[in-house]
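A.B. asks: Provided herewith: query21.cif, mmCIF, C-alpha atoms.
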```cif
data_my_file
loop_
_atom_site.label_atom_id
_atom_site.label_comp_id
_atom_site.auth_asym_id
_atom_site.auth_seq_id
_atom_site.Cartn_x
_atom_site.Cartn_y
_atom_site.Cartn_z
CA MET A 1 15.77 -53.58 35.15
CA LYS A 2 15.41 -55.83 38.17
CA ARG A 3 14.80 -59.58 38.07
CA PHE A 4 13.29 -62.00 40.54
CA THR A 5 13.01 -65.76 39.94
CA LEU A 6 11.00 -68.38 41.78
CA SER A 7 10.69 -72.03 40.90
CA LEU A 8 9.99 -75.39 42.48
CA LEU A 9 11.37 -78.67 41.18
CA ALA A 10 8.72 -80.59 39.33
CA GLY A 11 9.64 -83.91 40.88
CA LEU A 12 9.74 -82.73 44.47
CA CYS A 13 6.88 -84.15 46.49
CA MET A 14 4.57 -83.98 43.50
CA GLY A 15 1.83 -86.30 42.46
CA LEU A 16 0.35 -86.65 39.03
CA GLY A 17 -2.72 -84.89 37.61
CA ALA A 18 -3.03 -81.12 37.92
CA ALA A 19 0.42 -80.61 39.46
CA ALA A 20 2.09 -82.53 36.66
CA THR A 21 0.21 -80.45 34.09
CA ALA A 22 1.52 -77.27 35.71
CA ALA A 23 5.04 -78.68 35.75
CA ASP A 24 4.80 -79.27 32.01
CA ALA A 25 4.01 -75.60 31.35
CA PRO A 26 6.78 -73.64 29.63
CA PRO A 27 8.80 -71.05 31.58
CA VAL A 28 6.94 -67.87 32.42
CA LYS A 29 8.41 -64.37 32.59
CA ILE A 30 6.25 -61.53 33.86
CA GLY A 31 7.18 -57.87 33.47
CA ILE A 32 5.97 -55.22 35.90
CA LEU A 33 6.06 -51.97 33.92
CA THR A 34 5.24 -49.18 36.35
CA ASP A 35 6.12 -45.73 37.60
CA MET A 36 9.13 -46.28 39.86
CA SER A 37 10.12 -42.68 40.52
CA GLY A 38 7.38 -40.26 39.49
CA THR A 39 3.99 -39.03 40.63
CA TYR A 40 2.38 -42.51 40.67
CA ALA A 41 5.24 -44.42 42.28
CA SER A 42 3.58 -44.71 45.67
CA MET A 43 0.39 -46.29 44.33
CA GLY A 44 2.24 -48.72 42.05
CA GLY A 45 6.02 -48.75 41.80
CA VAL A 46 8.09 -51.09 43.93
CA GLY A 47 4.92 -52.05 45.80
CA SER A 48 3.52 -53.54 42.60
CA VAL A 49 6.65 -55.67 42.29
CA ALA A 50 6.19 -56.85 45.88
CA ALA A 51 2.56 -57.76 45.12
CA ALA A 52 3.60 -59.74 42.03
CA LYS A 53 6.15 -61.67 44.10
CA LEU A 54 3.41 -62.66 46.55
CA ALA A 55 1.24 -63.88 43.65
CA ILE A 56 4.10 -65.99 42.30
CA GLU A 57 4.85 -67.46 45.71
CA ASP A 58 1.19 -68.33 46.29
CA CYS A 59 0.71 -69.94 42.88
CA LEU A 60 3.90 -72.01 43.23
CA LYS A 61 2.45 -73.48 46.42
CA ALA A 62 -0.73 -74.55 44.64
CA ASP A 63 -1.73 -74.40 40.96
CA CYS A 64 1.77 -73.63 39.69
CA LYS A 65 3.80 -76.33 41.45
CA GLY A 66 6.77 -77.25 39.30
CA MET A 67 6.66 -74.16 37.08
CA THR A 68 9.59 -71.84 36.52
CA ILE A 69 8.52 -68.22 36.86
CA ASP A 70 10.72 -65.19 36.30
CA LEU A 71 9.81 -61.63 37.26
CA VAL A 72 11.35 -58.46 35.82
CA SER A 73 10.47 -54.81 36.39
CA ALA A 74 11.16 -51.42 34.86
CA ASP A 75 10.27 -47.75 35.18
CA ASN A 76 7.96 -46.46 32.43
CA GLN A 77 8.70 -42.86 33.51
CA ASN A 78 5.07 -42.01 32.68
CA LYS A 79 6.12 -41.68 29.02
CA ALA A 80 4.34 -43.61 26.29
CA ASP A 81 7.45 -43.91 24.13
CA VAL A 82 9.54 -45.22 27.03
CA GLY A 83 6.89 -47.76 27.99
CA ALA A 84 6.39 -48.89 24.40
CA ALA A 85 10.13 -49.32 23.84
CA LYS A 86 10.50 -51.39 27.00
CA ALA A 87 7.52 -53.58 26.09
CA ARG A 88 8.98 -54.32 22.63
CA GLU A 89 12.37 -55.08 24.17
CA TRP A 90 10.82 -57.45 26.70
CA PHE A 91 8.70 -59.26 24.13
CA ASP A 92 11.25 -59.41 21.30
CA ARG A 93 14.51 -59.95 23.15
CA ASP A 94 13.92 -60.93 26.77
CA GLY A 95 11.19 -63.55 26.49
CA VAL A 96 8.62 -61.77 28.63
CA THR A 97 5.28 -63.60 28.34
CA ALA A 98 3.02 -61.01 30.02
CA ILE A 99 3.11 -57.46 31.37
CA ALA A 100 1.20 -56.13 34.37
CA ASP A 101 0.42 -52.83 36.16
CA LEU A 102 1.32 -49.95 33.70
CA THR A 103 0.03 -47.12 36.05
CA ASN A 104 -0.18 -44.50 33.29
CA SER A 105 -3.03 -44.37 30.73
CA ALA A 106 -0.89 -43.09 27.85
CA VAL A 107 1.68 -45.83 28.47
CA ALA A 108 -1.10 -48.41 28.79
CA LEU A 109 -2.67 -47.53 25.45
CA ALA A 110 0.71 -47.77 23.72
CA VAL A 111 1.54 -51.13 25.27
CA GLN A 112 -1.95 -52.51 24.56
CA GLY A 113 -1.32 -52.24 20.81
CA ILE A 114 2.12 -53.85 21.03
CA ALA A 115 0.87 -56.75 23.16
CA LYS A 116 -1.95 -57.38 20.69
CA GLU A 117 0.52 -57.39 17.80
CA LYS A 118 2.85 -59.80 19.62
CA ASP A 119 0.05 -62.03 21.02
CA LYS A 120 1.13 -61.40 24.61
CA VAL A 121 -1.14 -60.98 27.61
CA VAL A 122 -1.16 -57.55 29.25
CA MET A 123 -3.00 -56.73 32.49
CA PHE A 124 -3.78 -53.19 33.60
CA SER A 125 -4.37 -52.37 37.27
CA GLY A 126 -2.90 -48.84 37.33
CA PRO A 127 -4.35 -46.90 34.37
CA ALA A 128 -7.85 -45.46 34.39
CA THR A 129 -8.80 -44.82 30.76
CA THR A 130 -11.82 -46.74 29.45
CA GLY A 131 -10.19 -46.70 26.01
CA LEU A 132 -8.54 -50.00 26.96
CA THR A 133 -11.91 -51.75 26.81
CA ASN A 134 -13.55 -49.63 24.10
CA ASP A 135 -11.99 -48.70 20.75
CA ASN A 136 -8.54 -49.93 21.82
CA CYS A 137 -9.66 -53.22 23.31
CA SER A 138 -7.67 -56.40 22.68
CA PRO A 139 -8.34 -60.15 22.92
CA VAL A 140 -5.20 -60.43 25.09
CA GLY A 141 -5.74 -57.24 27.15
CA PHE A 142 -7.43 -57.17 30.56
CA HIS A 143 -8.36 -54.04 32.54
CA TRP A 144 -8.26 -55.31 36.07
CA MET A 145 -9.08 -52.94 38.90
CA PHE A 146 -10.74 -49.57 38.17
CA ASP A 147 -11.38 -47.06 35.41
CA VAL A 148 -12.84 -43.60 34.98
CA TYR A 149 -16.37 -44.96 34.80
CA SER A 150 -16.08 -46.85 38.09
CA GLN A 151 -14.66 -43.75 39.76
CA SER A 152 -17.53 -41.60 38.48
CA VAL A 153 -20.56 -43.72 39.37
CA GLY A 154 -20.23 -43.72 43.15
CA GLY A 155 -18.25 -40.56 43.83
CA VAL A 156 -20.23 -38.21 41.62
CA LYS A 157 -23.57 -39.63 42.73
CA ALA A 158 -22.64 -39.19 46.39
CA MET A 159 -21.76 -35.53 45.85
CA VAL A 160 -24.86 -34.77 43.77
CA ASP A 161 -27.05 -36.49 46.36
CA LYS A 162 -25.54 -34.16 48.98
CA GLY A 163 -26.57 -31.12 46.94
CA GLY A 164 -23.46 -30.65 44.83
CA LYS A 165 -25.13 -29.72 41.55
CA SER A 166 -22.55 -27.36 40.01
CA TRP A 167 -19.02 -28.62 39.30
CA PHE A 168 -15.60 -27.22 38.41
CA PHE A 169 -12.81 -29.60 37.33
CA ILE A 170 -9.07 -29.33 37.92
CA THR A 171 -7.68 -31.89 35.49
CA VAL A 172 -4.25 -33.30 34.69
CA ASP A 173 -3.58 -32.66 31.02
CA TYR A 174 -3.19 -36.07 29.38
CA ALA A 175 -5.33 -39.10 28.45
CA PHE A 176 -6.04 -40.20 32.02
CA GLY A 177 -7.22 -36.78 33.21
CA HIS A 178 -9.23 -36.05 30.08
CA SER A 179 -11.01 -39.39 30.35
CA LEU A 180 -11.65 -39.00 34.08
CA GLU A 181 -13.09 -35.51 33.64
CA LYS A 182 -15.28 -36.59 30.72
CA GLY A 183 -16.70 -39.58 32.57
CA ALA A 184 -17.43 -37.57 35.71
CA ALA A 185 -18.87 -34.62 33.80
CA ASN A 186 -21.22 -36.91 31.89
CA MET A 187 -22.38 -38.44 35.14
CA VAL A 188 -22.96 -34.99 36.68
CA LYS A 189 -25.17 -34.04 33.74
CA GLU A 190 -27.05 -37.35 33.80
CA LEU A 191 -27.88 -36.72 37.45
CA GLY A 192 -29.21 -33.23 36.77
CA GLY A 193 -26.14 -31.17 37.64
CA ASN A 194 -24.02 -28.88 35.47
CA VAL A 195 -20.34 -28.20 34.81
CA VAL A 196 -19.50 -24.50 35.18
CA GLY A 197 -15.85 -24.72 34.21
CA ALA A 198 -12.60 -26.65 34.01
CA VAL A 199 -8.86 -26.02 33.93
CA ARG A 200 -6.01 -28.33 33.02
CA HIS A 201 -2.55 -28.61 34.54
CA PRO A 202 0.68 -30.41 33.55
CA LEU A 203 1.57 -33.75 35.12
CA ASN A 204 3.49 -33.45 38.38
CA VAL A 205 3.03 -29.71 38.89
CA PRO A 206 3.92 -28.43 42.41
CA ASP A 207 1.87 -25.20 42.49
CA PHE A 208 -1.93 -25.31 42.17
CA ALA A 209 -2.57 -21.70 43.22
CA SER A 210 -3.83 -20.38 39.88
CA TYR A 211 -6.05 -23.42 39.31
CA LEU A 212 -7.58 -23.21 42.78
CA LEU A 213 -8.24 -19.49 42.40
CA GLN A 214 -10.16 -20.19 39.21
CA ALA A 215 -12.13 -22.88 41.00
CA GLN A 216 -12.98 -20.48 43.83
CA SER A 217 -14.06 -17.70 41.52
CA SER A 218 -16.30 -20.08 39.55
CA GLY A 219 -18.67 -20.36 42.49
CA ALA A 220 -19.06 -24.10 41.81
CA GLN A 221 -20.48 -26.12 44.67
CA VAL A 222 -18.02 -28.95 43.97
CA VAL A 223 -14.35 -28.62 43.05
CA ALA A 224 -13.43 -31.95 41.48
CA LEU A 225 -9.84 -33.14 41.16
CA ALA A 226 -9.36 -35.25 38.03
CA ASN A 227 -5.76 -36.18 38.74
CA GLY A 228 -3.83 -38.59 40.93
CA GLY A 229 -0.66 -39.43 42.81
CA ALA A 230 1.46 -36.51 43.98
CA ASP A 231 -0.75 -34.13 42.00
CA VAL A 232 -3.87 -34.94 44.00
CA VAL A 233 -1.94 -34.78 47.28
CA ASN A 234 -0.56 -31.32 46.47
CA ALA A 235 -3.92 -30.07 45.20
CA ILE A 236 -5.79 -31.15 48.35
CA LYS A 237 -3.18 -29.70 50.70
CA GLN A 238 -3.23 -26.36 48.88
CA ALA A 239 -7.04 -26.38 48.65
CA ARG A 240 -7.12 -26.53 52.45
CA GLU A 241 -4.68 -23.63 52.61
CA PHE A 242 -6.86 -21.61 50.22
CA GLY A 243 -9.93 -22.29 52.36
CA ILE A 244 -11.88 -24.03 49.60
CA VAL A 245 -13.91 -26.12 52.02
CA GLU A 246 -14.18 -23.37 54.64
CA GLY A 247 -15.57 -21.11 51.94
CA GLY A 248 -18.51 -23.45 51.39
CA GLN A 249 -17.29 -25.44 48.39
CA ARG A 250 -16.99 -29.21 48.52
CA LEU A 251 -13.78 -30.94 47.49
CA ALA A 252 -14.04 -34.22 45.58
CA SER A 253 -11.19 -36.47 44.51
CA LEU A 254 -12.11 -38.69 41.59
CA LEU A 255 -9.12 -40.95 42.07
CA ILE A 256 -7.18 -41.23 45.29
CA PHE A 257 -5.24 -44.09 46.82
CA LEU A 258 -4.44 -45.25 50.33
CA SER A 259 -0.86 -44.02 49.89
CA ASP A 260 -2.19 -40.56 49.03
CA LEU A 261 -4.44 -40.45 52.10
CA ARG A 262 -1.55 -41.42 54.33
CA ALA A 263 0.61 -38.70 52.75
CA LEU A 264 -2.14 -36.13 53.29
CA GLY A 265 -2.97 -37.05 56.87
CA LEU A 266 -6.48 -37.00 58.29
CA ASP A 267 -6.36 -33.27 59.07
CA ASN A 268 -6.18 -32.55 55.34
CA ALA A 269 -8.17 -35.48 53.97
CA GLN A 270 -11.03 -35.79 56.46
CA GLY A 271 -14.49 -35.83 54.94
CA LEU A 272 -13.34 -36.68 51.40
CA THR A 273 -15.49 -39.25 49.65
CA TYR A 274 -13.90 -41.51 47.07
CA VAL A 275 -14.41 -44.81 45.26
CA ASP A 276 -12.03 -47.72 45.76
CA GLY A 277 -11.84 -51.31 44.53
CA PHE A 278 -9.79 -52.56 47.49
CA TYR A 279 -9.32 -51.42 51.08
CA TRP A 280 -7.05 -53.33 53.41
CA ASP A 281 -9.55 -53.37 56.31
CA PHE A 282 -12.61 -54.55 54.34
CA ASP A 283 -12.84 -58.07 55.82
CA ASP A 284 -10.74 -60.87 57.31
CA GLN A 285 -9.34 -61.92 53.93
CA THR A 286 -8.19 -58.43 52.96
CA ARG A 287 -6.69 -57.87 56.40
CA ALA A 288 -4.73 -61.14 56.31
CA TRP A 289 -3.40 -60.52 52.80
CA SER A 290 -2.55 -56.90 53.60
CA ASP A 291 -0.59 -58.01 56.66
CA ARG A 292 1.46 -60.32 54.40
CA PHE A 293 2.03 -57.48 51.96
CA ALA A 294 3.14 -55.17 54.76
CA GLN A 295 5.64 -57.76 55.98
CA ALA A 296 7.08 -57.93 52.47
CA PHE A 297 7.02 -54.19 51.80
CA ASP A 298 8.42 -52.08 54.62
CA GLY A 299 5.29 -52.22 56.76
CA LEU A 300 3.15 -50.41 54.17
CA LYS A 301 -0.43 -51.39 53.42
CA PRO A 302 -1.30 -52.03 49.75
CA THR A 303 -3.08 -49.65 47.44
CA MET A 304 -5.86 -50.65 45.04
CA THR A 305 -3.31 -50.80 42.20
CA GLN A 306 -0.89 -53.04 44.08
CA ALA A 307 -3.71 -55.35 45.13
CA GLY A 308 -4.82 -55.47 41.50
CA VAL A 309 -1.33 -56.52 40.41
CA TYR A 310 -1.46 -59.45 42.82
CA SER A 311 -4.92 -60.50 41.62
CA SER A 312 -4.10 -60.20 37.90
CA VAL A 313 -0.73 -61.95 38.10
CA LEU A 314 -2.16 -64.79 40.19
CA HIS A 315 -5.03 -65.30 37.73
CA TYR A 316 -2.66 -65.22 34.76
CA LEU A 317 -0.41 -67.83 36.35
CA LYS A 318 -3.36 -70.09 37.12
CA ALA A 319 -4.42 -69.81 33.48
CA VAL A 320 -0.92 -70.72 32.26
CA ALA A 321 -0.90 -73.74 34.55
CA ALA A 322 -4.35 -74.80 33.37
CA SER A 323 -3.63 -74.30 29.66
CA GLY A 324 -0.05 -75.55 29.63
CA SER A 325 0.85 -72.65 27.34
CA VAL A 326 2.23 -69.11 27.38
CA GLU A 327 0.76 -68.22 23.98
CA GLY A 328 -1.29 -65.07 24.50
CA HIS A 329 -4.52 -66.22 22.83
CA ALA A 330 -4.49 -69.58 24.62
CA VAL A 331 -3.84 -68.08 28.06
CA ALA A 332 -6.38 -65.28 27.51
CA GLU A 333 -9.06 -67.81 26.61
CA LYS A 334 -8.32 -69.76 29.78
CA MET A 335 -8.32 -66.56 31.86
CA ARG A 336 -11.87 -65.91 30.67
CA GLY A 337 -12.88 -69.48 31.39
CA ILE A 338 -11.70 -70.00 34.97
CA PRO A 339 -13.11 -68.16 38.01
CA ILE A 340 -11.25 -65.27 39.63
CA GLU A 341 -10.68 -66.40 43.20
CA ASP A 342 -8.37 -64.44 45.49
CA PRO A 343 -8.40 -62.28 48.66
CA ILE A 344 -8.64 -59.07 46.65
CA MET A 345 -11.91 -58.76 44.72
CA ARG A 346 -15.52 -59.84 45.26
CA ASN A 347 -17.98 -61.02 42.58
CA ALA A 348 -15.30 -60.73 39.89
CA SER A 349 -15.59 -61.89 36.27
CA ILE A 350 -14.10 -61.03 32.88
CA ARG A 351 -16.25 -59.61 30.06
CA PRO A 352 -15.62 -60.02 26.30
CA ASP A 353 -14.17 -56.49 26.13
CA GLY A 354 -11.46 -57.39 28.65
CA ARG A 355 -13.05 -55.42 31.49
CA VAL A 356 -12.80 -57.26 34.81
CA ILE A 357 -15.91 -56.33 36.73
CA HIS A 358 -16.19 -56.66 40.51
CA ASP A 359 -17.76 -54.88 43.45
CA MET A 360 -16.53 -51.33 44.05
CA TYR A 361 -16.89 -49.33 47.26
CA LEU A 362 -17.68 -45.78 48.31
CA TYR A 363 -15.55 -44.65 51.26
CA GLU A 364 -15.34 -41.53 53.39
CA VAL A 365 -12.10 -40.43 55.04
CA LYS A 366 -12.36 -40.45 58.81
CA LYS A 367 -11.93 -37.48 61.08
CA PRO A 368 -8.80 -37.63 63.27
CA GLY A 369 -10.88 -38.49 66.33
CA GLU A 370 -12.47 -41.47 64.59
CA SER A 371 -9.20 -43.18 63.66
CA THR A 372 -7.76 -45.92 65.87
CA GLY A 373 -4.35 -46.23 64.21
CA GLU A 374 -1.93 -45.21 61.46
CA TRP A 375 -3.77 -47.09 58.70
CA ASP A 376 -7.32 -46.66 59.98
CA LEU A 377 -8.15 -43.94 57.48
CA SER A 378 -11.55 -44.62 55.90
CA LYS A 379 -15.02 -45.95 56.59
CA LEU A 380 -17.25 -47.81 54.17
CA VAL A 381 -20.29 -45.84 53.02
CA ALA A 382 -21.77 -48.12 50.36
CA THR A 383 -21.05 -51.11 48.12
CA ILE A 384 -21.47 -50.60 44.37
CA PRO A 385 -22.36 -54.00 42.83
CA ALA A 386 -20.11 -55.27 40.04
CA ALA A 387 -22.90 -55.05 37.47
CA ASP A 388 -23.41 -51.34 38.25
CA ALA A 389 -19.83 -50.24 38.88
CA PHE A 390 -18.55 -50.30 35.29
CA GLN A 391 -19.64 -49.09 31.87
CA PRO A 392 -22.50 -51.30 30.60
CA LEU A 393 -21.37 -53.77 27.98
CA SER A 394 -24.18 -52.49 25.76
CA GLU A 395 -22.38 -49.13 25.58
CA SER A 396 -18.99 -50.58 24.70
CA THR A 397 -17.37 -49.67 21.38
CA CYS A 398 -15.02 -52.67 21.57
CA PRO A 399 -15.03 -54.66 18.30
CA LEU A 400 -14.80 -57.88 20.30
CA VAL A 401 -18.23 -57.14 21.78
CA LYS A 402 -19.78 -56.56 18.38
CA LYS A 403 -18.49 -59.91 17.20
CA SER A 404 -19.53 -61.84 20.29
#
```
Let me see the structure of the file written as structure tokens.
C.D. replies:
Amino acid sequence: MKRFTLSLLAGLCMGLGAAATAADAPPVKIGILTDMSGTYASMGGVGSVAAAKLAIEDCLKADCKGMTIDLVSADNQNKADVGAAKAREWFDRDGVTAIADLTNSAVALAVQGIAKEKDKVVMFSGPATTGLTNDNCSPVGFHWMFDVYSQSVGGVKAMVDKGGKSWFFITVDYAFGHSLEKGAANMVKELGGNVVGAVRHPLNVPDFASYLLQAQSSGAQVVALANGGADVVNAIKQAREFGIVEGGQRLASLLIFLSDLRALGLDNAQGLTYVDGFYWDFDDQTRAWSDRFAQAFDGLKPTMTQAGVYSSVLHYLKAVAASGSVEGHAVAEKMRGIPIEDPIMRNASIRPDGRVIHDMYLYEVKKPGESTGEWDLSKLVATIPAADAFQPLSESTCPLVKKS
């Protein structure tokens, strides 16, 4: 476990009022529980820790002047039992007041229940399952960046609009993949298409040959990849080798990150459409923040998950400063009451089910000749407004919604 501490002396160049209130807040300890070494490490991992450090630094310069803030991190190994054990250890023994990132849906669902039991805030920017804001919702749980619904709305619609009516899914075999496939398949059917088949693969499998052969033989117009991280990179590379696209089928990735696109290269990724909640080159604010991130993290641009960690941690810290408390229910109430203002998300707000809604974006990967540099990988196709990008609140099965 790694630790990082930042603090400013309360009496140093401070006035009264808001700064003094922040200085009176109890010590804060944030845990970044992420995949440090597995298939999702490049979209979260050490980069998520770097993003959290930036959030702490920024809050200490403003809303959090005078606060003492500690940051710890650990590898969840993409195992629910490992993540749950670490969360309990942090809450019970180490004084962690909130956990962020999580990356893996199975881990996230396990930690959600523990955080609710312990009255600790938990913020998810890496997992995709909508279960976090439906049956397994929590008054102290916040799903920050994306989910399977947000990834389905724009990406599936774009493919169906282009004539992709029949679909075959290659799905990673655990909660994240199942949920992603289900959400996308439902959207395909709603739009008048049909699902002709699906196959599931283990997490972090190197060889996709048998799965791709089944997809080819299905005759589906669209081969959809309901996986992520190294799995999606390997699947796309091998799909090119198998001539999936050359054979007339379209390849769709339901969840892909900037780090994945860079690993693939434009020769392999060109023409892919995908939905993202953050792209470094969106506007002046995202470019400026991404430059800061790159300076702090080996010259790498941030992924949607890493940007979400920054946004969630910053908002949490502002809520602690405003409430003067680290008690989960008190901070969560303040998080819902103050606006989300940062360089990361546009038109953002928090719903009663814990879903943070914000604008999402449909991108298309550029052809090699269109790119002007190493990180110039995608072009904006359309903006999906916050109100349309996520599951309607009327469809939520979250008990908190029924009571509200």
A.B. asks: Go through A:Ser349, A:Thr273, A:Asn104, A:Asn136 and flag the residue nearest Arg250 (chain A), using all atoms listed in the file for the distances.
C.D. replies: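 Using all atoms listed in the file, the shortest distance to Arg250 (chain A) belongs to A:Thr273.
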A.B. asks: So that each row is one residue of region 65-127 of chain A with an atom at most 6 Å from region 304-313 of chain A, can you give its shortest atom pair and the distance in Å to one decimal, using only C-alpha atoms, rows by chain and rising number, as JSON lines?
C.D. replies:
```
{"residue": "A:Asp101", "atom": "CA", "partner": "A:Val309", "partner_atom": "CA", "distance": 5.9}
{"residue": "A:Ser125", "atom": "CA", "partner": "A:Gly308", "partner_atom": "CA", "distance": 5.3}
{"residue": "A:Gly126", "atom": "CA", "partner": "A:Thr305", "partner_atom": "CA", "distance": 5.3}
```
A.B. asks: Would you list the contacts of region 238-246 of chain A as an MDAnalysis selection string, taking every protein, DNA or RNA residue within 8 Å and counting all atoms listed in the file, but skipping same-chain residues closer than 2 positions in sequence?
C.D. replies: chainID A and resid 208:209 212 216 234:236 248:251 268
A.B. asks: Quick one: of A:Asn347, A:Ser323, A:Ser150, A:Ser105, who's nearest to Gly131 (chain A), counting all atoms listed in the file?
C.D. replies: A:Ser105
A.B. asks: List the neighbours of Ala85 (chain A) out to 12 Å using all atoms listed in the file; skip same-chain residues closer than 6 positions along the sequence, and give me the result as a list of chain:residue names.
C.D. replies: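 Using all atoms listed in the file, the neighbours found are A:Leu33, A:Ala74, A:Asp75, A:Asn76, A:Gln77, A:Lys79, A:Phe91, A:Asp92, A:Arg93, A:Val107, A:Ala110, A:Val111, A:Ile114, A:Ala115.
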A.B. asks: Within 12 Å of Trp375 (chain A), counting only C-alpha atoms, which residues show up once you throw out same-chain ones fewer than 3 positions away? Write them as a VMD selection string, please.
C.D. replies: chain A and resid 258 to 263 265 to 266 279 to 281 287 290 to 291 294 299 to 303 365 to 366 368 370 to 372 378 to 379
A.B. asks: Around the point (-32.2, -28.6, 39.2) (coordinates from the file), which residues reach within 12 Å if we count only C-alpha atoms? Answer as number ranges by chain.
C.D. replies: A: 160-161, 163-166, 188-194
